[in-house]
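Shown below: upload_3.tsv, with TSV, C-alpha atoms and all ligand atoms.
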```tsv
chain	number	residue	atom	x	y	z
X	29	MET	CA	-29.15	1.15	9.92
X	30	THR	CA	-29.50	-1.18	6.90
X	31	GLN	CA	-26.20	-2.40	5.53
X	32	ARG	CA	-25.49	-0.41	2.34
X	33	ARG	CA	-23.79	-1.96	-0.65
X	34	ILE	CA	-20.87	0.00	-2.09
X	35	LEU	CA	-19.36	-0.91	-5.47
X	36	PHE	CA	-15.80	0.25	-6.13
X	37	PHE	CA	-14.86	0.70	-9.79
X	38	ALA	CA	-11.34	0.82	-11.23
X	39	SER	CA	-10.11	-0.40	-7.88
X	40	LYS	CA	-6.55	-1.52	-7.22
X	41	SER	CA	-5.20	-3.72	-4.44
X	42	TYR	CA	-4.12	-0.66	-2.46
X	43	ASP	CA	-7.70	0.72	-2.62
X	44	GLU	CA	-9.14	-2.49	-1.21
X	45	ASN	CA	-6.52	-2.72	1.54
X	46	THR	CA	-6.89	0.87	2.70
X	47	PHE	CA	-10.70	1.00	2.44
X	48	ARG	CA	-11.13	-2.24	4.39
X	49	ALA	CA	-8.70	-1.00	7.08
X	50	ALA	CA	-10.46	2.39	7.28
X	51	LEU	CA	-13.92	0.74	7.50
X	52	LYS	CA	-12.69	-1.35	10.42
X	53	SER	CA	-11.11	1.61	12.20
X	54	LEU	CA	-14.35	3.62	11.80
X	55	ASN	CA	-16.45	0.67	13.06
X	56	GLY	CA	-18.51	0.73	9.88
X	57	GLN	CA	-18.45	-2.98	8.94
X	58	ASP	CA	-22.09	-3.58	9.88
X	59	LYS	CA	-23.20	-0.44	8.01
X	60	LEU	CA	-21.36	-0.72	4.68
X	61	HIS	CA	-20.59	-3.73	2.48
X	62	PHE	CA	-17.78	-3.28	-0.06
X	63	THR	CA	-17.32	-5.02	-3.42
X	64	PHE	CA	-14.18	-4.15	-5.38
X	65	LEU	CA	-14.21	-4.28	-9.20
X	66	GLU	CA	-11.35	-3.68	-11.62
X	67	MET	CA	-13.63	-2.35	-14.39
X	68	MET	CA	-14.03	1.37	-14.99
X	69	LEU	CA	-17.34	3.09	-14.34
X	70	VAL	CA	-18.68	5.00	-17.32
X	71	ILE	CA	-22.13	6.37	-16.59
X	72	GLN	CA	-24.32	6.44	-19.66
X	73	LYS	CA	-27.65	8.10	-20.23
X	74	SER	CA	-29.17	4.61	-20.47
X	75	TRP	CA	-28.55	4.31	-16.71
X	76	LYS	CA	-31.51	6.58	-16.19
X	77	LYS	CA	-33.74	3.63	-15.18
X	78	TYR	CA	-31.44	2.72	-12.25
X	79	MET	CA	-31.17	6.30	-11.11
X	80	ALA	CA	-34.82	7.09	-11.57
X	81	CYS	CA	-35.85	4.10	-9.44
X	82	ASP	CA	-33.40	5.14	-6.75
X	83	THR	CA	-31.20	2.06	-7.02
X	84	VAL	CA	-28.04	4.15	-7.01
X	85	LYS	CA	-27.97	6.86	-4.36
X	86	ILE	CA	-24.52	8.32	-4.13
X	87	ILE	CA	-21.38	8.44	-6.24
X	88	ALA	CA	-18.08	9.09	-4.48
X	89	LEU	CA	-14.92	10.08	-6.29
X	90	ARG	CA	-11.62	8.91	-4.86
X	91	SER	CA	-10.08	12.15	-6.11
X	92	ALA	CA	-10.20	15.90	-5.56
X	93	GLY	CA	-11.56	16.78	-9.02
X	94	TYR	CA	-15.24	16.86	-10.04
X	95	SER	CA	-14.58	16.90	-13.78
X	96	GLY	CA	-15.67	14.23	-16.26
X	97	SER	CA	-18.80	13.46	-18.24
X	98	SER	CA	-19.86	10.64	-15.89
X	99	VAL	CA	-20.08	13.08	-13.01
X	100	GLU	CA	-22.06	15.55	-15.13
X	101	ILE	CA	-24.59	12.85	-16.07
X	102	ALA	CA	-24.82	11.65	-12.46
X	103	LYS	CA	-25.57	15.20	-11.29
X	104	GLN	CA	-28.20	15.65	-14.03
X	105	TYR	CA	-30.08	12.68	-12.59
X	106	GLY	CA	-29.98	14.19	-9.14
X	107	LEU	CA	-27.47	11.76	-7.71
X	108	HIS	CA	-25.49	12.91	-4.72
X	109	VAL	CA	-21.83	13.21	-5.79
X	110	CYS	CA	-19.02	13.60	-3.29
X	111	ARG	CA	-15.24	13.79	-3.50
X	112	VAL	CA	-12.17	14.20	-1.30
X	113	PRO	CA	-11.37	17.92	-1.35
X	114	SER	CA	-7.86	17.50	-0.02
X	115	TYR	CA	-5.72	14.52	0.87
X	116	SER	CA	-1.98	14.72	1.50
X	117	PRO	CA	-0.55	17.81	-0.21
X	118	HIS	CA	2.84	16.70	1.15
X	119	ALA	CA	2.64	13.50	-0.91
X	120	VAL	CA	2.29	15.48	-4.16
X	121	ALA	CA	4.87	18.14	-3.29
X	122	GLU	CA	7.37	15.50	-2.17
X	123	HIS	CA	6.87	13.58	-5.43
X	124	ALA	CA	7.57	16.75	-7.41
X	125	VAL	CA	10.81	17.15	-5.45
X	126	ALA	CA	11.66	13.45	-5.90
X	127	LEU	CA	11.21	13.85	-9.66
X	128	LEU	CA	13.42	16.93	-9.71
X	129	LEU	CA	16.18	15.30	-7.63
X	130	SER	CA	16.10	12.15	-9.79
X	131	LEU	CA	16.17	14.10	-13.02
X	132	ASN	CA	18.87	16.52	-11.91
X	133	ARG	CA	21.22	13.89	-10.43
X	134	ASN	CA	20.47	11.32	-13.16
X	135	MET	CA	19.20	8.70	-10.70
X	136	HIS	CA	17.24	7.04	-13.51
X	137	HIS	CA	20.56	6.30	-15.27
X	138	ALA	CA	22.69	5.63	-12.17
X	139	PHE	CA	20.23	3.01	-10.89
X	140	PHE	CA	20.43	0.90	-14.07
X	141	ARG	CA	24.20	1.40	-14.44
X	142	THR	CA	25.11	0.02	-11.03
X	143	LYS	CA	22.57	-2.82	-11.49
X	144	GLN	CA	24.75	-3.82	-14.47
X	145	HIS	CA	27.96	-3.27	-12.48
X	146	ASN	CA	28.75	-0.23	-14.59
X	147	PHE	CA	30.35	2.20	-12.18
X	148	SER	CA	31.30	4.95	-14.63
X	149	LEU	CA	30.15	8.50	-13.94
X	150	ASP	CA	30.14	9.86	-17.49
X	151	GLY	CA	26.94	11.76	-18.25
X	152	LEU	CA	25.73	11.84	-14.63
X	153	VAL	CA	26.66	15.45	-13.80
X	154	GLY	CA	23.89	17.44	-12.11
X	155	ILE	CA	23.68	20.91	-10.59
X	156	ASP	CA	23.50	22.10	-6.96
X	157	LEU	CA	19.94	23.12	-6.16
X	158	PHE	CA	21.28	25.40	-3.41
X	159	GLY	CA	21.12	28.99	-4.64
X	160	LYS	CA	19.05	28.18	-7.75
X	161	THR	CA	15.77	29.90	-8.56
X	162	VAL	CA	12.65	27.73	-8.41
X	163	GLY	CA	9.41	29.00	-9.99
X	164	ILE	CA	6.16	27.63	-8.55
X	165	ILE	CA	3.10	28.08	-10.74
X	166	GLY	CA	0.02	27.76	-8.52
X	167	ALA	CA	0.91	28.47	-4.89
X	168	GLY	CA	-2.10	26.73	-3.34
X	169	ILE	CA	-2.04	23.90	-0.81
X	170	VAL	CA	0.41	21.68	-2.72
X	171	GLY	CA	2.39	24.61	-4.13
X	172	MET	CA	2.96	26.00	-0.60
X	173	CYS	CA	4.30	22.61	0.56
X	174	ALA	CA	6.68	22.59	-2.41
X	175	ILE	CA	7.76	26.17	-1.65
X	176	LYS	CA	8.70	25.24	1.94
X	177	ILE	CA	10.77	22.26	0.74
X	178	PHE	CA	12.63	24.33	-1.87
X	179	LEU	CA	13.29	27.12	0.65
X	180	GLY	CA	14.77	24.42	2.90
X	181	PHE	CA	17.16	23.49	0.10
X	182	GLY	CA	18.42	27.08	0.04
X	183	CYS	CA	16.71	27.94	-3.25
X	184	LYS	CA	15.30	31.34	-4.16
X	185	VAL	CA	11.57	30.78	-4.72
X	186	LEU	CA	9.38	32.76	-7.12
X	187	ALA	CA	5.64	32.10	-7.35
X	188	TYR	CA	2.93	32.94	-9.83
X	189	ASP	CA	-0.69	32.64	-8.71
X	190	ILE	CA	-3.87	34.43	-9.75
X	191	LYS	CA	-4.64	34.88	-6.03
X	192	PRO	CA	-1.33	35.78	-4.39
X	193	ASN	CA	-1.06	35.39	-0.63
X	194	GLU	CA	1.36	38.20	0.23
X	195	ASN	CA	1.30	37.37	3.96
X	196	ALA	CA	2.52	33.85	3.25
X	197	ALA	CA	5.20	35.23	0.92
X	198	ARG	CA	6.48	37.58	3.63
X	199	GLU	CA	6.36	34.92	6.34
X	200	GLN	CA	7.93	32.14	4.28
X	201	GLY	CA	10.41	34.28	2.34
X	202	PHE	CA	9.38	33.86	-1.29
X	203	GLN	CA	8.25	36.39	-3.88
X	204	TYR	CA	5.25	36.65	-6.21
X	205	VAL	CA	6.11	37.62	-9.78
X	206	THR	CA	4.36	37.75	-13.14
X	207	ILE	CA	4.23	34.61	-15.25
X	208	ASP	CA	6.77	36.09	-17.67
X	209	GLU	CA	9.21	36.90	-14.86
X	210	LEU	CA	8.82	33.39	-13.49
X	211	LEU	CA	9.40	31.80	-16.90
X	212	THR	CA	12.45	33.87	-17.74
X	213	GLU	CA	14.15	33.80	-14.31
X	214	SER	CA	13.62	30.26	-13.03
X	215	ASP	CA	16.15	27.44	-13.25
X	216	ILE	CA	13.42	25.00	-12.23
X	217	ILE	CA	9.69	25.36	-12.84
X	218	SER	CA	7.21	23.21	-10.94
X	219	LEU	CA	3.51	23.26	-11.86
X	220	HIS	CA	0.87	23.14	-9.10
X	221	ALA	CA	-2.10	25.00	-10.63
X	222	PRO	CA	-5.41	23.22	-11.34
X	223	LEU	CA	-6.70	22.53	-14.82
X	224	ASN	CA	-9.12	25.21	-16.01
X	225	ASP	CA	-9.58	27.41	-19.08
X	226	SER	CA	-6.79	29.73	-17.97
X	227	THR	CA	-4.25	26.97	-17.34
X	228	TYR	CA	-4.88	24.74	-20.39
X	229	HIS	CA	-1.54	24.67	-22.29
X	230	LEU	CA	-0.16	27.34	-19.95
X	231	ILE	CA	3.21	25.86	-20.85
X	232	ASN	CA	2.96	26.11	-24.62
X	233	ARG	CA	5.58	26.77	-27.30
X	234	GLU	CA	5.73	30.46	-26.43
X	235	ALA	CA	6.17	29.81	-22.71
X	236	LEU	CA	8.85	27.17	-23.38
X	237	ASN	CA	10.70	29.68	-25.57
X	238	LYS	CA	10.72	32.16	-22.69
X	239	MET	CA	12.23	29.64	-20.28
X	240	LYS	CA	15.94	29.74	-19.45
X	241	PHE	CA	18.33	27.62	-21.45
X	242	ASP	CA	19.04	24.49	-19.32
X	243	ALA	CA	15.93	24.94	-17.15
X	244	MET	CA	14.06	21.91	-15.79
X	245	LEU	CA	10.28	21.51	-15.91
X	246	ILE	CA	8.34	19.42	-13.37
X	247	ASN	CA	4.61	18.71	-13.72
X	248	THR	CA	2.66	16.97	-10.96
X	249	SER	CA	-0.54	19.01	-11.42
X	250	ARG	CA	-2.59	18.09	-14.50
X	251	GLY	CA	-1.34	16.93	-17.89
X	252	PRO	CA	-3.09	19.49	-20.10
X	253	LEU	CA	-1.23	22.36	-18.43
X	254	VAL	CA	1.63	21.41	-20.76
X	255	ASP	CA	1.41	21.24	-24.55
X	256	ALA	CA	3.19	17.89	-24.77
X	257	LYS	CA	4.01	18.16	-28.50
X	258	ALA	CA	5.63	21.57	-27.92
X	259	LEU	CA	7.56	20.12	-24.97
X	260	VAL	CA	8.89	17.25	-27.10
X	261	ASP	CA	10.03	19.73	-29.77
X	262	CYS	CA	11.68	21.91	-27.12
X	263	LEU	CA	13.49	18.92	-25.60
X	264	LYS	CA	14.59	17.78	-29.08
X	265	SER	CA	16.11	21.21	-29.68
X	266	GLY	CA	18.32	20.68	-26.61
X	267	LYS	CA	17.10	23.81	-24.90
X	268	LEU	CA	15.96	22.28	-21.61
X	269	ARG	CA	18.11	20.36	-19.15
X	270	GLY	CA	15.16	18.03	-18.75
X	271	ALA	CA	11.53	17.46	-17.83
X	272	ALA	CA	9.86	15.19	-15.29
X	273	LEU	CA	6.17	14.51	-15.57
X	274	ASP	CA	3.75	12.69	-13.31
X	275	VAL	CA	0.85	13.68	-15.54
X	276	TYR	CA	0.38	13.79	-19.30
X	277	GLU	CA	-2.34	15.45	-21.34
X	278	HIS	CA	-3.61	12.20	-22.92
X	279	GLU	CA	-2.84	9.95	-19.96
X	280	ASP	CA	-6.31	8.40	-19.57
X	281	LYS	CA	-5.72	5.61	-22.07
X	282	TYR	CA	-2.46	4.41	-20.53
X	283	PHE	CA	-1.85	5.54	-16.98
X	284	TYR	CA	-2.67	3.00	-14.23
X	285	LYS	CA	-2.59	0.17	-16.82
X	286	ASN	CA	0.03	-2.39	-17.76
X	287	TYR	CA	1.03	-1.89	-21.40
X	288	SER	CA	4.29	-3.86	-21.17
X	289	GLN	CA	2.96	-6.56	-23.54
X	290	ARG	CA	0.87	-4.27	-25.73
X	291	ILE	CA	1.53	-1.71	-28.45
X	292	MET	CA	1.48	1.85	-27.22
X	293	ASN	CA	0.26	4.07	-30.04
X	294	ASP	CA	0.86	7.45	-28.48
X	295	ASP	CA	4.08	8.62	-30.16
X	296	ILE	CA	4.35	11.80	-28.09
X	297	LEU	CA	4.19	9.85	-24.85
X	298	ALA	CA	6.62	7.25	-26.21
X	299	ARG	CA	9.07	10.02	-27.14
X	300	LEU	CA	8.73	11.67	-23.74
X	301	ILE	CA	9.44	8.36	-22.02
X	302	SER	CA	12.40	7.44	-24.24
X	303	MET	CA	14.49	10.60	-23.96
X	304	HIS	CA	17.56	10.46	-21.71
X	305	ASN	CA	16.63	13.69	-19.94
X	306	THR	CA	13.02	12.93	-19.08
X	307	ILE	CA	11.27	10.97	-16.35
X	308	VAL	CA	7.61	9.98	-16.61
X	309	THR	CA	5.67	8.51	-13.68
X	310	SER	CA	2.10	7.31	-14.00
X	311	HIS	CA	0.10	9.87	-11.96
X	312	GLN	CA	1.43	8.48	-8.69
X	313	ALA	CA	2.27	11.68	-6.82
X	314	PHE	CA	-0.66	11.11	-4.42
X	315	LEU	CA	0.31	7.52	-3.67
X	316	THR	CA	1.39	7.45	-0.03
X	317	GLU	CA	-0.12	5.47	2.84
X	318	GLU	CA	-1.13	8.71	4.52
X	319	ALA	CA	-2.96	10.04	1.45
X	320	LEU	CA	-4.74	6.71	0.81
X	321	LYS	CA	-5.86	6.56	4.46
X	322	THR	CA	-7.22	10.12	4.31
X	323	ILE	CA	-9.06	9.37	1.05
X	324	ALA	CA	-10.61	6.17	2.45
X	325	GLU	CA	-11.65	7.68	5.78
X	326	SER	CA	-13.08	10.80	4.19
X	327	ILE	CA	-15.19	8.81	1.71
X	328	ILE	CA	-16.44	6.37	4.33
X	329	GLN	CA	-17.44	9.28	6.59
X	330	ASN	CA	-19.31	10.79	3.63
X	331	PHE	CA	-21.20	7.53	3.10
X	332	LEU	CA	-22.07	7.11	6.78
X	333	GLU	CA	-23.31	10.70	7.11
X	334	PHE	CA	-25.27	10.50	3.84
X	335	PHE	CA	-27.05	7.25	4.73
X	336	ASN	CA	-27.69	8.44	8.30
X	337	GLN	CA	-29.32	11.56	6.87
X	338	LEU	CA	-31.47	9.46	4.53
X	339	GLN	CA	-32.67	7.48	7.52
X	340	THR	CA	-33.29	10.61	9.60
X	341	ASP	CA	-35.25	12.17	6.71
X	342	GLY	CA	-37.25	8.94	6.47
X	343	VAL	CA	-36.66	8.68	2.74
X	344	LYS	CA	-38.57	5.69	1.38
X	345	GLU	CA	-36.38	3.06	-0.30
X	401	LIG	P1	-5.27	24.42	-4.73
X	401	LIG	O1	-6.61	24.76	-5.26
X	401	LIG	O2	-5.03	24.47	-3.27
X	401	LIG	O3	-4.16	25.36	-5.40
X	401	LIG	C1	-4.17	25.72	-6.72
X	401	LIG	C2	-3.61	27.13	-6.83
X	401	LIG	O4	-3.52	27.45	-8.21
X	401	LIG	C3	-4.50	28.18	-6.16
X	401	LIG	O5	-3.72	29.01	-5.30
X	401	LIG	C4	-5.05	28.98	-7.35
X	401	LIG	O6	-5.25	30.36	-7.04
X	401	LIG	C5	-3.95	28.79	-8.36
X	401	LIG	N1	-4.37	29.02	-9.74
X	401	LIG	C6	-5.58	28.80	-10.31
X	401	LIG	N2	-5.56	29.19	-11.61
X	401	LIG	C7	-4.31	29.65	-11.83
X	401	LIG	C8	-3.67	30.21	-12.97
X	401	LIG	N3	-4.31	30.37	-14.13
X	401	LIG	N4	-2.38	30.57	-12.86
X	401	LIG	C9	-1.71	30.46	-11.68
X	401	LIG	N5	-2.27	29.95	-10.56
X	401	LIG	C10	-3.55	29.55	-10.65
X	401	LIG	O7	-4.92	22.98	-5.35
X	401	LIG	P2	-3.88	21.94	-4.75
X	401	LIG	O8	-4.57	21.04	-3.81
X	401	LIG	O9	-2.67	22.67	-4.33
X	401	LIG	O10	-3.57	21.06	-6.05
X	401	LIG	C11	-2.73	21.58	-7.06
X	401	LIG	C12	-2.74	20.67	-8.27
X	401	LIG	O11	-2.23	19.38	-7.91
X	401	LIG	C13	-4.13	20.42	-8.87
X	401	LIG	O12	-4.02	20.54	-10.27
X	401	LIG	C14	-4.40	18.99	-8.59
X	401	LIG	O13	-5.18	18.43	-9.60
X	401	LIG	C15	-3.00	18.40	-8.60
X	401	LIG	N6	-2.90	17.13	-7.90
X	401	LIG	C16	-2.15	16.15	-8.46
X	401	LIG	C17	-2.04	14.92	-7.84
X	401	LIG	C18	-1.20	13.82	-8.44
X	401	LIG	O14	-1.27	12.67	-7.98
X	401	LIG	N7	-0.36	14.10	-9.44
X	401	LIG	C19	-2.72	14.69	-6.64
X	401	LIG	C20	-3.46	15.72	-6.07
X	401	LIG	C21	-3.55	16.94	-6.71
```
Full structure transcribed into structure tokens:
Amino acid sequence: MTQRRILFFASKSYDENTFRAALKSLNGQDKLHFTFLEMMLVIQKSWKKYMACDTVKIIALRSAGYSGSSVEIAKQYGLHVCRVPSYSPHAVAEHAVALLLSLNRNMHHAFFRTKQHNFSLDGLVGIDLFGKTVGIIGAGIVGMCAIKIFLGFGCKVLAYDIKPNENAAREQGFQYVTIDELLTESDIISLHAPLNDSTYHLINREALNKMKFDAMLINTSRGPLVDAKALVDCLKSGKLRGAALDVYEHEDKYFYKNYSQRIMNDDILARLISMHNTIVTSHQAFLTEEALKTIAESIIQNFLEFFNQLQTDGVKE
């Protein structure tokens, strides 16, 4: 098989390390040649000439989602587009729990205090999670992992999902409820639903108003599930105990980039970061060695199968 050239866009050091290791473990070094670029790929209609002459054959997304205008354009030109349907759901669920534990027990303050030899405990009081009610919105693959962890903590778990799995609820020991019941009864709400028309701003001003006083909100799903401006207003009113976000509705401009020496113009994001009772991470819930390995191996397998098929079909190149 001819050695195929693969260009990686928006690649980070961890991408290069894991993809090179996975290529070696799958014995694909003589079949695929990798070049890693930091620049983003934005497919424009002017790319038609490359696609039409078959220069580019396949686009692989190092993510689960298919959304984005680049993908739409690629599909219009008949390019094969693949993705990784599922990597480690545990990585995402565990990050949601890490965010909750940090927020609740004020780890983000304790860490900096002891670094400065400040051993006071004022303002660090949390709550026991044991016996509290956790509401999971979206009890799919990641949501189910989160449910099992919270049940292990001795929490009561409520779930809201448009496709409830009553068998799982019976077996695991949690309960499906309506969205309103979940909002009004939960001490902690963790979002695990995908972004679609029905989930855009699911947590809006009205939903925040329905939440319990002193509740905590965790979002590791997709930013636009939460109306960030409404969340800032709610936090400013003192209603919530806190919020921890791995995703933000306008994250594309900032997340994964180093803005430490640049002006950040997003005042909502700046406010969310600066509050004492918030934690923001930069869409890193997936970032474990296991998830990266699964992503790399799955994409490389896709490439090998795709190019093998081209050869079998005798497609002229
Ligand atoms: P999944 O498809 O297995 O589960 C999603 C669940 O949400 C399904 O059970 C579905 O029925 C339910 N759902 C759909 N619309 C709903 C609605 N309107 N209200 C309530 N429930 C609804 O997906 P998953 O693999 O569990 O992923 C969950 C989320 O985690 C996705 O949004 C995904 O983008 C996100 N994610 C985040 C990261 C990260 O690094 N932060 C990484 C991977 C996945």
Open item on the list: As a quick test: using all atoms listed in the file, which residues lie no more than 7 Å away from ligand LIG 401 (chain X)? Give them as an NGL selection string.
Closed with: :X and (92-93 or 114 or 117 or 120 or 165-171 or 188-191 or 220-224 or 226-227 or 248-250 or 274-275 or 311-315)
TODO: Figure out the distance between atom CA of X:Glu325 and atom CA of X:Gly106, please, to one decimal in Å.
DONE: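 That distance, rounded to one decimal, is 24.5 Å.
Taking atom CA of X:Leu149 and atom CA of X:Ile307 as endpoints, the distance between them is 19.2 Å.
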- [ ] For X:Lys85, please output as a ChimeraX atom specification all residues within 9 Å (counting only C-alpha atoms; exclusion window: fewer than 5 positions along the same chain).
- [x] /X:79,106-109
Can those selected residues be exported to a file as an mmCIF file, in the coordinates of the input so that it contains C-alpha atoms?
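This is the output file part.cif:
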```cif
data_model
loop_
_atom_site.group_PDB
_atom_site.id
_atom_site.type_symbol
_atom_site.label_atom_id
_atom_site.label_comp_id
_atom_site.auth_asym_id
_atom_site.auth_seq_id
_atom_site.Cartn_x
_atom_site.Cartn_y
_atom_site.Cartn_z
ATOM 1 C CA MET X 79 -31.170 6.300 -11.110
ATOM 2 C CA GLY X 106 -29.980 14.190 -9.140
ATOM 3 C CA LEU X 107 -27.470 11.760 -7.710
ATOM 4 C CA HIS X 108 -25.490 12.910 -4.720
ATOM 5 C CA VAL X 109 -21.830 13.210 -5.790
#
```
Open item on the list: List the spatial neighbours of stretch 277-292 of chain X as number ranges by chain - criterion: any atom at most 6 Å away, all atoms listed in the file, same-chain residues fewer than 4 positions off excluded.
Closed with: X: 251-252, 310
Open item on the list: Given the point (13.5, 29.1, -27.2) in the coordinates of this file, which residues lie within 10 Å, counting only C-alpha atoms, and how would they look as a list in words?
Closed with: Arg233, Glu234, Ala235, Leu236, Asn237, Lys238, Met239, Lys240, Phe241, Cys262, Ser265, Gly266, Lys267 and Leu268 of chain X
Open item on the list: Using only C-alpha atoms, can you tell me which of X:Gly342, X:Thr161, X:Ile328, X:Tyr115 comes closest to X:Arg32?
Closed with: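 Smallest separation from X:Arg32 among the options: X:Ile328.
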Open item on the list: Give me the residues near X:Ile34 as a PyMOL selection string, where near means some atom within 9 Å (using all atoms listed in the file) and where sequence neighbours in that chain fewer than 4 positions away do not count.
Closed with: chain X and resi 60-64
- [ ] Give me, please, the distance in Å between atom CA of X:Ser116 and atom CA of X:Ile164, quoted to one decimal.
- [x]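 Pair atom CA of X:Ser116 / atom CA of X:Ile164 returns 18.3 Å.
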Open item on the list: I want to know what sits within 12 Å of stretch 135-146 of chain X, based on only C-alpha atoms, with residues of the same chain fewer than 6 positions away left out; could you give that as a ChimeraX atom specification?
Closed with: /X:126-129,152-154,272,301-309
Selection to disk with C-alpha atoms, as a PDB file, in the frame of the given file:
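And here's result.pdb as it stands now:
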```pdb
ATOM      1  CA  ALA X 126      11.660  13.450  -5.900  1.00  0.00           C
ATOM      2  CA  LEU X 127      11.210  13.850  -9.660  1.00  0.00           C
ATOM      3  CA  LEU X 128      13.420  16.930  -9.710  1.00  0.00           C
ATOM      4  CA  LEU X 129      16.180  15.300  -7.630  1.00  0.00           C
ATOM      5  CA  LEU X 152      25.730  11.840 -14.630  1.00  0.00           C
ATOM      6  CA  VAL X 153      26.660  15.450 -13.800  1.00  0.00           C
ATOM      7  CA  GLY X 154      23.890  17.440 -12.110  1.00  0.00           C
ATOM      8  CA  ALA X 272       9.860  15.190 -15.290  1.00  0.00           C
ATOM      9  CA  ILE X 301       9.440   8.360 -22.020  1.00  0.00           C
ATOM     10  CA  SER X 302      12.400   7.440 -24.240  1.00  0.00           C
ATOM     11  CA  MET X 303      14.490  10.600 -23.960  1.00  0.00           C
ATOM     12  CA  HIS X 304      17.560  10.460 -21.710  1.00  0.00           C
ATOM     13  CA  ASN X 305      16.630  13.690 -19.940  1.00  0.00           C
ATOM     14  CA  THR X 306      13.020  12.930 -19.080  1.00  0.00           C
ATOM     15  CA  ILE X 307      11.270  10.970 -16.350  1.00  0.00           C
ATOM     16  CA  VAL X 308       7.610   9.980 -16.610  1.00  0.00           C
ATOM     17  CA  THR X 309       5.670   8.510 -13.680  1.00  0.00           C
TER      18      THR X 309
END
```
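The closest residue to X:Glu209, picked from X:Leu230, X:Leu186, X:Met244, X:Leu332 and counting all atoms listed in the file, is X:Leu186.
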TODO: Please provide the set of residues having any atom within 12 Å of X:Lys184, restricted to only C-alpha atoms, with same-chain residues fewer than 4 positions apart removed, written as a PyMOL selection string.
DONE: chain X and resi 157-164+175-180+197+200-204+210+213-217
Open item on the list: Between X:Cys110, X:Ala243, X:Ile87, X:Leu259, which residue has the minimum interatomic distance to X:Ser326, considering all atoms listed in the file?
Closed with: X:Cys110
Find the residues of stretch 149-239 of chain X that sit at most 6 Å from stretch 254-258 of chain X; for each, write down the nearest two atoms and how far apart they are in Å, to one decimal. Count all atoms listed in the file. Sort by chain, then by number going up, and give it as a Markdown table.
```
| residue | atom | partner | partner_atom | distance |
| --- | --- | --- | --- | --- |
| X:His229 | CA | X:Val254 | CA | 4.8 |
| X:Ile231 | CA | X:Val254 | CA | 4.7 |
| X:Asn232 | CA | X:Asp255 | CA | 5.1 |
| X:Arg233 | CA | X:Ala258 | CA | 5.2 |
```
Kindly compute an axis-aligned box around the listed atoms of stretch 186-193 of chain X, allowing 4 Å on each side, and express its centre and edge lengths in Å to one decimal as AutoDock Vina command-line options.
```
--center_x 2.4 --center_y 33.9 --center_z -5.2 --size_x 22.0 --size_y 11.7 --size_z 17.2
```
Open item on the list: When you count only C-alpha atoms, which of these residues is closest to X:Asp242: X:Cys183, X:Ala271, X:Ala119, X:Ala88?
Closed with: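 Going through X:Cys183, X:Ala271, X:Ala119, X:Ala88 one by one, the smallest distance to X:Asp242 is for X:Ala271.
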